[in-house]
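Okay, my_file19.cif is below, mmCIF, C-alpha atoms; chains and numbers go by the auth columns:
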data_target
#
loop_
_atom_site.group_PDB
_atom_site.id
_atom_site.type_symbol
_atom_site.label_atom_id
_atom_site.label_comp_id
_atom_site.label_asym_id
_atom_site.label_seq_id
_atom_site.Cartn_x
_atom_site.Cartn_y
_atom_site.Cartn_z
_atom_site.B_iso_or_equiv
_atom_site.auth_seq_id
_atom_site.auth_asym_id
ATOM 1 C CA MET A 1 5.343 1.783 -28.337 0.00 29 A
ATOM 2 C CA ALA A 2 9.044 2.445 -28.102 0.00 30 A
ATOM 3 C CA THR A 3 11.074 -0.430 -26.760 0.00 31 A
ATOM 4 C CA SER A 4 12.845 1.926 -24.375 0.00 32 A
ATOM 5 C CA SER A 5 9.565 2.303 -22.475 0.00 33 A
ATOM 6 C CA ILE A 6 9.620 -1.386 -21.502 0.00 34 A
ATOM 7 C CA THR A 7 11.343 -1.446 -18.142 0.00 35 A
ATOM 8 C CA LYS A 8 9.942 -4.595 -16.554 0.00 36 A
ATOM 9 C CA ASN A 9 10.420 -8.275 -17.269 0.00 37 A
ATOM 10 C CA PHE A 10 7.297 -10.315 -17.849 0.00 38 A
ATOM 11 C CA VAL A 11 6.554 -13.971 -18.442 0.00 39 A
ATOM 12 C CA VAL A 12 4.366 -15.359 -21.211 0.00 40 A
ATOM 13 C CA SER A 13 3.352 -18.879 -20.308 0.00 41 A
ATOM 14 C CA GLY A 14 1.039 -21.227 -22.124 0.00 42 A
ATOM 15 C CA ASP A 15 -0.158 -21.379 -25.699 0.00 43 A
ATOM 16 C CA ARG A 16 -3.075 -18.989 -25.157 0.00 44 A
ATOM 17 C CA GLN A 17 -0.946 -16.219 -23.632 0.00 45 A
ATOM 18 C CA ALA A 18 1.695 -16.677 -26.317 0.00 46 A
ATOM 19 C CA GLU A 19 -0.946 -16.340 -29.047 0.00 47 A
ATOM 20 C CA ILE A 20 -2.434 -13.213 -27.440 0.00 48 A
ATOM 21 C CA PHE A 21 1.033 -11.684 -27.079 0.00 49 A
ATOM 22 C CA ALA A 22 1.990 -12.502 -30.680 0.00 50 A
ATOM 23 C CA ASN A 23 -1.287 -11.030 -31.970 0.00 51 A
ATOM 24 C CA ALA A 24 -0.721 -7.835 -29.998 0.00 52 A
ATOM 25 C CA ILE A 25 2.817 -7.448 -31.376 0.00 53 A
ATOM 26 C CA GLU A 26 1.588 -8.065 -34.924 0.00 54 A
ATOM 27 C CA ALA A 27 -1.280 -5.583 -34.572 0.00 55 A
ATOM 28 C CA SER A 28 1.125 -2.982 -33.233 0.00 56 A
ATOM 29 C CA ALA A 29 3.531 -3.500 -36.123 0.00 57 A
ATOM 30 C CA ASN A 30 0.729 -3.223 -38.678 0.00 58 A
ATOM 31 C CA SER A 31 -0.968 -0.139 -37.250 0.00 59 A
ATOM 32 C CA ASP A 32 -0.399 3.190 -38.968 0.00 60 A
ATOM 33 C CA THR A 33 1.389 5.833 -36.983 0.00 61 A
ATOM 34 C CA PRO A 34 0.478 9.368 -38.014 0.00 62 A
ATOM 35 C CA PRO A 35 3.449 11.626 -38.752 0.00 63 A
ATOM 36 C CA ILE A 36 4.317 14.101 -36.022 0.00 64 A
ATOM 37 C CA ARG A 37 5.305 17.604 -37.011 0.00 65 A
ATOM 38 C CA VAL A 38 8.161 19.145 -35.119 0.00 66 A
ATOM 39 C CA SER A 39 9.651 22.603 -35.142 0.00 67 A
ATOM 40 C CA VAL A 40 13.423 22.658 -35.497 0.00 68 A
ATOM 41 C CA THR A 41 15.897 25.501 -35.195 0.00 69 A
ATOM 42 C CA GLU A 42 19.367 24.781 -36.493 0.00 70 A
ATOM 43 C CA LEU A 43 22.215 26.313 -34.535 0.00 71 A
ATOM 44 C CA HIS A 44 25.478 27.056 -36.290 0.00 72 A
ATOM 45 C CA GLY A 45 28.521 28.092 -34.290 0.00 73 A
ATOM 46 C CA THR A 46 29.281 28.554 -30.637 0.00 74 A
ATOM 47 C CA GLU A 47 27.742 32.034 -30.381 0.00 75 A
ATOM 48 C CA ALA A 48 24.377 30.811 -31.633 0.00 76 A
ATOM 49 C CA ILE A 49 24.475 27.939 -29.149 0.00 77 A
ATOM 50 C CA LYS A 50 25.354 30.272 -26.277 0.00 78 A
ATOM 51 C CA LYS A 51 22.479 32.641 -27.160 0.00 79 A
ATOM 52 C CA PHE A 52 20.059 29.728 -27.396 0.00 80 A
ATOM 53 C CA LEU A 53 21.106 28.346 -24.011 0.00 81 A
ATOM 54 C CA GLU A 54 20.851 31.789 -22.385 0.00 82 A
ATOM 55 C CA ARG A 55 17.306 32.265 -23.721 0.00 83 A
ATOM 56 C CA ARG A 56 16.431 28.783 -22.484 0.00 84 A
ATOM 57 C CA LYS A 57 17.884 29.546 -19.057 0.00 85 A
ATOM 58 C CA LYS A 58 15.911 32.810 -18.807 0.00 86 A
ATOM 59 C CA ALA A 59 12.690 31.084 -19.865 0.00 87 A
ATOM 60 C CA GLY A 60 13.162 28.514 -17.089 0.00 88 A
ATOM 61 C CA ASP A 61 13.189 31.158 -14.341 0.00 89 A
#

Now, as a test, write the supplied structure out as structure tokens.
Amino acid sequence: MATSSITKNFVVSGDRQAEIFANAIEASANSDTPPIRVSVTELHGTEAIKKFLERRKKAGD
């Protein structure tokens, strides 16, 4: 889980809750995250950027 997704404050009180929280953090850190494939188009120059943005604008209509 990305830390930017944590938007609320929470309180961990007591030994039991602290242990559960610590175990959850450790399990999260040790879990394997599969790689995510992404498609990337590199834009070079202002004309390429303008064309890309125009196509994007047309697709949004």

TODO: Tell me, as a PyMOL selection string, which residues lie within 12 Å of Thr69 (chain A), counting only C-alpha atoms; anything in the same chain fewer than 4 positions away does not count.
DONE: chain A and resi 76-77+80

Region 53-66 of chain A, all listed atoms, 5 Å padding on each side: what axis-aligned box centre and edge lengths in Å to one decimal come out, as JSON?
{"center_x": 3.4, "center_y": 5.5, "center_z": -35.2, "size_x": 19.4, "size_y": 37.2, "size_z": 17.6}

Task: region 49-66 of chain A surroundings by only C-alpha atoms, 12 Å radius, close-in-sequence under 2 positions cut, as a list of chain:residue names - done: A:Met29, A:Ala30, A:Thr31, A:Phe38, A:Val39, A:Val40, A:Ser41, A:Gly42, A:Asp43, A:Arg44, A:Gln45, A:Ala46, A:Glu47, A:Val68, A:Thr69
